[in-house]
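*Asks:* This is the structure I have questions about; it appears just below.
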Amino acid sequence: MSISIKTPEDFPKLRVAGRLGSELLDYLTPHVKAGITTRELDRLAHDYTVNVQQAIPAPLNYAPPGYTPYPASICTSVNHVVCHGIPNDKPLKDGDVINIDVTVIKDGWHGDTSRMFIIGKVAPHVERLCRITYEAMWHGIVRVRPGAHLGDIGHAIQTFAEDAGYSVVREFCGHGIGRNFHEDPQVLHYGRPGTLDELRPGMVFTIEPMINAGRREIREMADGWTIVTKDRSLSAQWEHMVLVTEKGYEVLTLSQGSPAPPDFVREFATAA
Ligand code: MF3
Ligand code: CO
Ligand code: CO
């Protein structure tokens, strides 16, 4: 397996797909409130992707080897659900946190991004987990530049999250992306500096740490998709797609509604 290098002709299409993914989250945001079900959010996302964006929801019927086809257009992972939560008929309630993970296909290119949403008023420790996970993702992103190694990204995320008292999920990782939903490389959210592949301009991959308040171990539910923390502790996740540029990185999954990067992100590269 090898890591594909995207060319300058590919970049505009990747930028469009990434922006559409982020704009889908913007569109959902005012609906993510107590009382709505994740099935209703899925319906809204599906219809917006297909009818407004004229794009394809990549998760719908996605079936990697060993998996049954995914039955919805988005992943909705509530509280102790780590990732790949399947939308259902249970209403969101005050105090919940939810990760919504979307991927759209536009003109053959994928845009994959996720955010955390807080429902109503949550305890300070819950807000802290969401914020630290967002910062952990950005600690990984700012390492991205030619000559850096994938292990630098994982190490930055792991040390930041563990110093905050949390654990990093090992079984799922970021991934190369482009014409395929998931391609090489695997982008681990833990590791050692200077190890694994060296980054080169034109590589495109996601950084999407899953951080648990408790222990890092996970379990898969009987539906074959939903991943939960084994100790039922809270879990949070954020996801961006990044392009390795000549000088550093470009975040591809940005839009009007994207939260600002944390203060420590000084050289914040935007599109073009
Ligand atoms: N969007 C997820 C990721 O970040 C993948 C979800 S696969 C699905 O890689 F089938 F559950 F949608
Ligand atoms: Co995703
Ligand atoms: Co992803």
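Following the order of the structure tokens, first chain is A, next is B, and so on, with residues numbered from 1 inside each chain and ligands from 1 in the order they appear.
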List as a ChimeraX atom specification the protein and nucleic acid residues lying within 7 Å of ligand 1, with only C-alpha atoms and all ligand atoms counted.
*Replies:* /A:58-60,62-63,70,74-75,84,101-103,112-113,174,182,208,225,239
*Asks:* Please identify all protein, DNA and RNA residues within 12 Å of ligand 3, counting only C-alpha atoms and all ligand atoms, and report them as an NGL selection string.
*Replies:* :A and (18 or 21 or 58-59 or 74-75 or 83-84 or 100-104 or 110-115 or 172-178 or 180-188 or 204-210 or 237-242 or 253)
*Asks:* For CA of Ser77 in chain A and CA of Gln53 in chain A, determine how far apart the two atoms are, in Å to one decimal place.
*Replies:*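 Computed distance, CA of Ser77 in chain A to CA of Gln53 in chain A, equals 23.8 Å.
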*Asks:* What gap, in Å, lies between CA of Val244 in chain A and CA of Asp263 in chain A?
*Replies:*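 Value for the CA of Val244 in chain A-CA of Asp263 in chain A distance: 21.5 Å.
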*Asks:* May I ask which of the residues A:Arg232, A:Lys93, A:His189, A:Arg19 is the closest one to Phe160 in chain A, counting only C-alpha atoms?
*Replies:*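 With only C-alpha atoms as the atom set, the closest residue is A:His189.
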*Asks:* Would you mind reading off the distance between CA of His80 in chain A and CA of Leu234 in chain A, one decimal, in Å?
*Replies:*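 Computing the Euclidean distance for CA of His80 in chain A and CA of Leu234 in chain A yields 4.3 Å.
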*Asks:* With distances taken over only C-alpha atoms, which of A:Val81, A:Ile105, A:Ala164, A:Glu9 is nearest to Asp231 in chain A?
*Replies:*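 Distance minimum relative to Asp231 in chain A lands on A:Val81.
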*Asks:* Tell me, as a list in words, which residues lie within 9 Å of range 45-51 of chain A, counting only C-alpha atoms; anything in the same chain fewer than 4 positions away does not count.
*Replies:* Leu20, Gly21, Leu24, Leu25, Tyr27, Leu28, Glu40, Leu41, Ala55, Ile56, Pro57, Ala72, Ser73, Ile74, Val102 and Val104 of chain A
*Asks:* Can you pull out the residues contacting Gly147 in chain A? Cut-off 8 Å, using only C-alpha atoms, and skip same-chain residues under 4 positions away; I want them as a list in words.
*Replies:* Glu198, Leu199 and Arg200 of chain A
